[in-house]
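Okay, structure-v5.cif now, which holds mmCIF, C-alpha atoms:
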data_my_file
loop_
_atom_site.label_atom_id
_atom_site.label_comp_id
_atom_site.auth_asym_id
_atom_site.auth_seq_id
_atom_site.Cartn_x
_atom_site.Cartn_y
_atom_site.Cartn_z
CA MET A 1380 3.79 -5.76 12.74
CA ASN A 1381 1.27 -8.59 12.99
CA GLN A 1382 -2.24 -7.25 12.64
CA PRO A 1383 -5.56 -8.95 12.10
CA ALA A 1384 -7.60 -8.53 8.97
CA TYR A 1385 -9.93 -5.58 9.59
CA PHE A 1386 -12.12 -6.43 6.64
CA PRO A 1387 -13.83 -9.81 6.27
CA LEU A 1388 -12.28 -12.06 3.66
CA PRO A 1389 -14.23 -14.62 1.64
CA ASN A 1390 -14.02 -18.24 2.76
CA GLY A 1391 -10.71 -19.86 1.90
CA TYR A 1392 -8.70 -16.61 1.95
CA THR A 1393 -6.22 -15.65 4.65
CA MET A 1394 -4.35 -12.40 5.26
CA ARG A 1395 -1.01 -12.46 7.04
CA PRO A 1396 2.38 -10.73 7.17
CA TRP A 1397 4.61 -11.89 4.37
CA SER A 1398 7.48 -14.27 4.98
CA GLU A 1399 10.77 -14.78 3.19
CA HIS A 1400 9.12 -17.74 1.46
CA ASP A 1401 6.57 -15.32 -0.12
CA VAL A 1402 9.02 -12.90 -1.75
CA GLU A 1403 9.42 -14.75 -5.03
CA ALA A 1404 5.68 -15.42 -5.30
CA VAL A 1405 4.95 -11.73 -4.68
CA ALA A 1406 7.47 -10.70 -7.36
CA GLN A 1407 5.87 -13.12 -9.85
CA LEU A 1408 2.39 -11.90 -9.01
CA ASP A 1409 3.55 -8.28 -9.32
CA ALA A 1410 4.88 -9.05 -12.82
CA LEU A 1411 1.56 -10.65 -13.78
CA VAL A 1412 -0.52 -7.76 -12.42
CA PHE A 1413 1.64 -4.78 -13.42
CA GLY A 1414 3.60 -5.97 -16.46
CA ALA A 1415 6.04 -3.24 -17.54
CA ASP A 1416 5.35 -1.33 -14.29
CA SER A 1417 6.37 -4.29 -12.09
CA TRP A 1418 9.21 -4.35 -9.61
CA SER A 1419 12.15 -6.75 -9.88
CA LEU A 1420 12.72 -9.69 -7.56
CA GLU A 1421 15.70 -7.77 -6.15
CA ILE A 1422 13.49 -4.85 -5.17
CA PHE A 1423 11.13 -7.22 -3.35
CA ARG A 1424 14.07 -8.90 -1.60
CA HIS A 1425 15.22 -5.47 -0.44
CA GLU A 1426 11.67 -4.65 0.71
CA TYR A 1427 11.55 -7.91 2.67
CA GLN A 1428 14.84 -7.13 4.41
CA ALA A 1429 13.57 -3.64 5.27
CA SER A 1430 10.31 -5.07 6.63
CA THR A 1431 12.13 -7.45 8.97
CA ALA A 1432 14.72 -4.98 10.27
CA GLN A 1433 14.87 -4.25 14.00
CA ASN A 1434 13.04 -0.93 13.54
CA PRO A 1435 11.07 -1.47 10.35
CA HIS A 1436 9.57 1.35 8.35
CA SER A 1437 8.25 -1.02 5.69
CA PHE A 1438 5.26 -3.32 6.25
CA TYR A 1439 3.78 -5.97 3.95
CA GLN A 1440 0.80 -8.31 4.02
CA VAL A 1441 -0.19 -11.07 1.66
CA ILE A 1442 -3.50 -12.73 1.00
CA THR A 1443 -3.39 -16.42 0.28
CA PHE A 1444 -5.90 -18.85 -1.14
CA GLY A 1445 -4.78 -22.23 0.06
CA ASP A 1446 -1.00 -21.96 -0.10
CA ILE A 1447 -0.99 -19.60 -3.10
CA VAL A 1448 -0.27 -15.87 -2.73
CA VAL A 1449 -3.10 -14.10 -4.58
CA GLY A 1450 -2.69 -10.58 -3.18
CA PHE A 1451 -0.13 -8.33 -1.55
CA ALA A 1452 0.25 -4.81 -0.23
CA GLY A 1453 3.08 -2.70 1.13
CA LEU A 1454 3.40 0.41 3.25
CA LEU A 1455 6.41 2.64 3.82
CA TYR A 1456 6.31 4.83 6.93
CA GLY A 1457 8.48 7.92 7.23
CA PRO A 1458 6.99 10.12 9.92
CA PRO A 1459 4.65 11.86 9.58
CA PHE A 1460 3.55 10.19 6.31
CA ALA A 1461 2.75 6.67 5.18
CA ASP A 1462 3.10 5.73 1.52
CA VAL A 1463 1.21 2.88 -0.08
CA THR A 1464 4.01 1.30 -2.05
CA THR A 1465 1.99 -1.38 -3.81
CA ILE A 1466 -1.26 -3.31 -3.89
CA GLY A 1467 -1.79 -6.20 -6.26
CA ILE A 1468 -4.47 -8.88 -6.69
CA HIS A 1469 -4.23 -11.89 -8.99
CA PRO A 1470 -6.62 -11.36 -11.95
CA ASP A 1471 -8.39 -14.66 -11.19
CA HIS A 1472 -9.24 -13.40 -7.68
CA THR A 1473 -10.64 -9.93 -8.39
CA ASP A 1474 -14.21 -8.92 -7.49
CA LYS A 1475 -13.85 -10.48 -4.05
CA LYS A 1476 -12.96 -7.24 -2.19
CA LEU A 1477 -9.40 -8.46 -1.57
CA GLY A 1478 -7.94 -5.11 -2.63
CA ALA A 1479 -10.30 -3.36 -0.23
CA ALA A 1480 -9.23 -5.70 2.58
CA LEU A 1481 -5.58 -4.89 1.93
CA LEU A 1482 -6.29 -1.16 1.72
CA VAL A 1483 -8.15 -1.23 5.03
CA TRP A 1484 -5.19 -3.06 6.59
CA LEU A 1485 -2.85 -0.39 5.17
CA MET A 1486 -4.99 2.41 6.60
CA HIS A 1487 -5.16 0.80 10.06
CA THR A 1488 -1.42 0.16 10.04
CA ALA A 1489 -0.64 3.75 9.04
CA ASP A 1490 -2.99 5.06 11.72
CA ASP A 1491 -1.46 2.77 14.37
CA LEU A 1492 1.98 4.08 13.40
CA GLY A 1493 0.79 7.66 13.95
CA ALA A 1494 0.85 8.84 10.33
CA LEU A 1495 -0.89 12.13 9.59
CA ASP A 1496 -1.51 11.31 5.93
CA MET A 1497 -1.36 8.36 3.56
CA LEU A 1498 -0.10 8.95 0.03
CA LEU A 1499 -0.05 6.80 -3.09
CA GLU A 1500 0.45 6.96 -6.83
CA VAL A 1501 -1.98 5.28 -9.19
CA ARG A 1502 -1.99 5.14 -12.98
CA ALA A 1503 -4.21 7.85 -14.45
CA ASP A 1504 -5.85 5.18 -16.61
CA ASN A 1505 -6.58 2.79 -13.72
CA THR A 1506 -10.11 3.93 -12.92
CA ARG A 1507 -10.89 0.78 -10.94
CA ALA A 1508 -8.09 1.45 -8.43
CA GLN A 1509 -8.92 5.16 -8.35
CA ARG A 1510 -12.50 4.31 -7.42
CA LEU A 1511 -11.32 1.97 -4.63
CA TYR A 1512 -9.10 4.70 -3.20
CA ALA A 1513 -11.75 7.43 -3.52
CA ASP A 1514 -14.35 5.19 -1.87
CA ASN A 1515 -11.95 4.91 1.07
CA GLY A 1516 -11.37 8.62 1.50
CA PHE A 1517 -8.40 9.30 -0.79
CA GLU A 1518 -8.40 12.52 -2.81
CA HIS A 1519 -6.57 13.25 -6.07
CA ILE A 1520 -4.12 16.03 -5.13
CA HIS A 1521 -1.61 16.09 -7.99
CA THR A 1522 -0.85 14.57 -11.40
CA ARG A 1523 2.67 13.49 -12.39
CA PRO A 1524 2.91 13.52 -16.19
CA ARG A 1525 4.59 10.56 -17.93
CA TYR A 1526 5.31 8.82 -14.60
CA TYR A 1527 4.77 5.24 -15.80
CA PRO A 1528 6.29 3.40 -18.78
CA GLY A 1529 4.57 4.31 -22.01
CA GLY A 1530 4.06 7.89 -20.86
CA VAL A 1531 1.04 7.28 -18.63
CA ALA A 1532 0.54 9.90 -15.92
CA ALA A 1533 0.22 9.08 -12.24
CA TRP A 1534 -2.36 10.48 -9.90
CA VAL A 1535 -1.03 11.29 -6.45
CA MET A 1536 -3.78 10.62 -3.94
CA ARG A 1537 -3.90 11.46 -0.24
CA LYS A 1538 -5.98 10.37 2.71
CA ARG A 1539 -5.77 12.52 5.83
CA LEU A 1540 -5.69 10.26 8.89
CA ARG A 1541 -5.52 13.02 11.51
CA GLN A 1542 -5.26 16.76 11.55
CA PRO A 1543 -1.73 18.10 11.96
CA GLY A 1544 -1.00 20.10 15.09
CA PRO A 1545 0.13 23.71 15.04
CA SER A 1546 3.43 24.34 13.31
CA THR A 1547 6.53 25.29 15.27
CA ALA A 1548 6.40 28.75 13.69
CA THR A 1549 2.84 29.27 14.93
CA ALA A 1550 3.79 28.08 18.42
CA LEU A 1551 6.75 30.47 18.53
CA THR A 1552 4.66 33.40 17.27
CA ASP A 1553 2.09 32.77 20.02
CA LYS A 1554 4.85 32.99 22.67
CA GLU A 1555 6.29 36.29 21.42
#
This structure in structure tokens:
Amino acid sequence: MNQPAYFPLPNGYTMRPWSEHDVEAVAQLDALVFGADSWSLEIFRHEYQASTAQNPHSFYQVITFGDIVVGFAGLLYGPPFADVTTIGIHPDHTDKKLGAALLVWLMHTADDLGALDMLLEVRADNTRAQRLYADNGFEHIHTRPRYYPGGVAAWVMRKRLRQPGPSTATALTDKE
């Protein structure tokens, strides 16, 4: 799903859908950003294949500076929910609102797909990411103890994109 950047990027930065050529760079950047929490190259290869399938449910964008991948984000859509699978920014390129640009792209993509809610997990000790998510309408709805390596808990956060319609049970009750 090719979509424009919905959030202005600083000069020299470009956001685009990832390509097969980007997979290894994304895996390396993920390892740099997330260390013990990072995904393997094989997981990213699988994610790339899923994102290029005929009916994809997985969507990824990268941000480049020149020809170098400096940011990435992924979304998994399983109606009626969209899950933020990952967002990462190279440490040398933080404080440029690149994470916000990727998050805005994720929100627009989820909305375009028809998702009711967006969900994500974030480390309980990652206050910077929590603040980014909260500033964009995400609420802390649950804590998963010892979710990450080293026993760190995860916050589950949700952003409601649209109000759900009446349930089938309610509709049936109204007809009786």
Item to check | Expansion of the PyMOL selection byres ((chain A and resi 1451-1458) around 10) into residues, as JSON, numbers by chain | outcome: {"A": [1394, 1395, 1396, 1397, 1401, 1404, 1405, 1406, 1408, 1409, 1426, 1429, 1430, 1435, 1436, 1437, 1438, 1439, 1440, 1441, 1442, 1443, 1448, 1449, 1450, 1459, 1460, 1461, 1462, 1463, 1464, 1465, 1466, 1467, 1468, 1469, 1477, 1478, 1480, 1481, 1482, 1484, 1485, 1486, 1488, 1489, 1492, 1493, 1494, 1495, 1496, 1497, 1498, 1499]}
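Note on the selection: in this file the PyMOL selection byres ((chain A and resi 1536) around 9) comes out as Met1497, Leu1498, Leu1499, Glu1500, Val1501, Gln1509, Tyr1512, Ala1513, Phe1517, Glu1518, His1519, Ile1520, His1521, Thr1522, Trp1534, Val1535, Arg1537 and Lys1538 of chain A.
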Item to check | Separation of CA of Gly1529 (chain A) from CA of Asn1505 (chain A), in Å and rounded to one decimal | outcome: 14.0 Å
Next on the checklist: Which residue is closest to Thr1473 (chain A)? Choose from A:Ser1398, A:Ala1508, A:His1425, A:His1487 and count only C-alpha atoms.
Outcome noted: A:Ala1508
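With CA of Leu1540 (chain A) on one side and CA of Phe1386 (chain A) on the other, the separation reads 18.0 Å.
Picture a line from CA of Pro1387 (chain A) to CA of Lys1476 (chain A); it runs 8.9 Å.
Nearest residue to Thr1393 (chain A) among A:Arg1507, A:Phe1444, A:Gly1530, A:Arg1539 is A:Phe1444, counting all atoms listed in the file.
When all atoms listed in the file are used to compute distances to Val1483 (chain A), the closest of the residues A:Ala1533, A:Val1402, A:Ala1432, A:Leu1511 turns out to be A:Leu1511.
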Next on the checklist: Please determine, counting all atoms listed in the file, which residue among A:Ala1532, A:Ile1422, A:Leu1388, A:Leu1411 has the shortest atom-to-atom distance to Asp1471 (chain A).
Outcome noted: A:Leu1411
Would you place a box with edges along x, y and z of the file around all atoms of region 1470-1475 of chain A listed there, add 6 Å to each of its six sides, and report the centre and edge lengths in Å to one decimal, as JSON?
{"center_x": -10.4, "center_y": -11.8, "center_z": -8.0, "size_x": 19.6, "size_y": 17.7, "size_z": 19.9}
Item to check | Residues within 10 Å of (-10.1, -25.8, 1.2), file coords, only C-alpha atoms, listed as a PyMOL selection string | outcome: chain A and resi 1390-1392+1444-1446
Checklist entry - Looking at A:Arg1502, A:Tyr1427, A:Asp1416, A:Lys1475, which one is nearest to Pro1389 (chain A), with distances taken over all atoms listed in the file? => result A:Lys1475
For region 1493-1504 of chain A, where the input has fewer atoms than it should, I would like all heavy atoms rebuilt and written as a compact mmCIF listing (two decimals), keeping the file's coordinate frame.
# COMPACT_ATOMS: atom_id res chain seq x y z
N GLY A 1493 0.87 6.24 13.65
CA GLY A 1493 0.79 7.66 13.95
C GLY A 1493 0.90 8.57 12.74
O GLY A 1493 1.11 9.78 12.89
N ALA A 1494 0.75 8.02 11.54
CA ALA A 1494 0.85 8.84 10.33
C ALA A 1494 -0.24 9.89 10.29
O ALA A 1494 -1.39 9.63 10.68
CB ALA A 1494 0.78 7.95 9.09
N LEU A 1495 0.11 11.07 9.81
CA LEU A 1495 -0.89 12.13 9.59
C LEU A 1495 -1.66 11.88 8.30
O LEU A 1495 -2.87 12.07 8.25
CB LEU A 1495 -0.21 13.50 9.50
CG LEU A 1495 0.51 14.02 10.73
CD1 LEU A 1495 1.15 15.37 10.43
CD2 LEU A 1495 -0.45 14.12 11.90
N ASP A 1496 -0.93 11.51 7.25
CA ASP A 1496 -1.51 11.31 5.93
C ASP A 1496 -1.00 10.01 5.33
O ASP A 1496 0.11 9.56 5.65
CB ASP A 1496 -1.09 12.42 4.96
CG ASP A 1496 -1.64 13.78 5.29
OD1 ASP A 1496 -2.69 13.86 5.95
OD2 ASP A 1496 -1.02 14.77 4.88
N MET A 1497 -1.80 9.46 4.42
CA MET A 1497 -1.36 8.36 3.56
C MET A 1497 -1.31 8.91 2.14
O MET A 1497 -2.19 9.65 1.72
CB MET A 1497 -2.34 7.20 3.60
CG MET A 1497 -2.31 6.43 4.88
SD MET A 1497 -3.42 5.01 4.80
CE MET A 1497 -2.54 3.94 3.66
N LEU A 1498 -0.28 8.53 1.42
CA LEU A 1498 -0.10 8.95 0.03
C LEU A 1498 0.08 7.73 -0.85
O LEU A 1498 0.56 6.68 -0.40
CB LEU A 1498 1.12 9.85 -0.09
CG LEU A 1498 1.08 11.13 0.73
CD1 LEU A 1498 2.47 11.76 0.82
CD2 LEU A 1498 0.09 12.11 0.12
N LEU A 1499 -0.28 7.87 -2.13
CA LEU A 1499 -0.05 6.80 -3.09
C LEU A 1499 -0.04 7.39 -4.49
O LEU A 1499 -0.52 8.51 -4.71
CB LEU A 1499 -1.11 5.70 -2.97
CG LEU A 1499 -2.58 6.08 -3.17
CD1 LEU A 1499 -2.98 6.12 -4.64
CD2 LEU A 1499 -3.47 5.10 -2.44
N GLU A 1500 0.53 6.64 -5.41
CA GLU A 1500 0.45 6.96 -6.83
C GLU A 1500 -0.35 5.85 -7.50
O GLU A 1500 -0.17 4.68 -7.18
CB GLU A 1500 1.83 7.03 -7.50
CG GLU A 1500 2.64 8.23 -7.12
CD GLU A 1500 3.59 7.94 -5.96
OE1 GLU A 1500 3.82 6.76 -5.66
OE2 GLU A 1500 4.08 8.89 -5.35
N VAL A 1501 -1.19 6.24 -8.43
CA VAL A 1501 -1.98 5.28 -9.19
C VAL A 1501 -1.99 5.74 -10.64
O VAL A 1501 -2.03 6.95 -10.91
CB VAL A 1501 -3.41 5.13 -8.61
CG1 VAL A 1501 -4.16 6.46 -8.63
CG2 VAL A 1501 -4.20 4.04 -9.33
N ARG A 1502 -1.95 4.79 -11.55
CA ARG A 1502 -1.99 5.14 -12.98
C ARG A 1502 -3.24 5.95 -13.28
O ARG A 1502 -4.33 5.62 -12.80
CB ARG A 1502 -1.98 3.88 -13.84
CG ARG A 1502 -0.64 3.16 -13.87
CD ARG A 1502 -0.73 1.89 -14.71
NE ARG A 1502 -1.04 2.19 -16.09
CZ ARG A 1502 -0.15 2.21 -17.09
NH1 ARG A 1502 1.12 1.91 -16.85
NH2 ARG A 1502 -0.52 2.49 -18.32
N ALA A 1503 -3.09 7.00 -14.07
CA ALA A 1503 -4.21 7.85 -14.45
C ALA A 1503 -5.27 7.08 -15.23
O ALA A 1503 -6.43 7.47 -15.24
CB ALA A 1503 -3.72 9.05 -15.24
N ASP A 1504 -4.89 5.97 -15.85
CA ASP A 1504 -5.85 5.18 -16.61
C ASP A 1504 -6.41 3.99 -15.82
O ASP A 1504 -7.16 3.18 -16.36
CB ASP A 1504 -5.24 4.71 -17.94
CG ASP A 1504 -4.00 3.84 -17.77
OD1 ASP A 1504 -3.55 3.61 -16.62
OD2 ASP A 1504 -3.45 3.40 -18.80
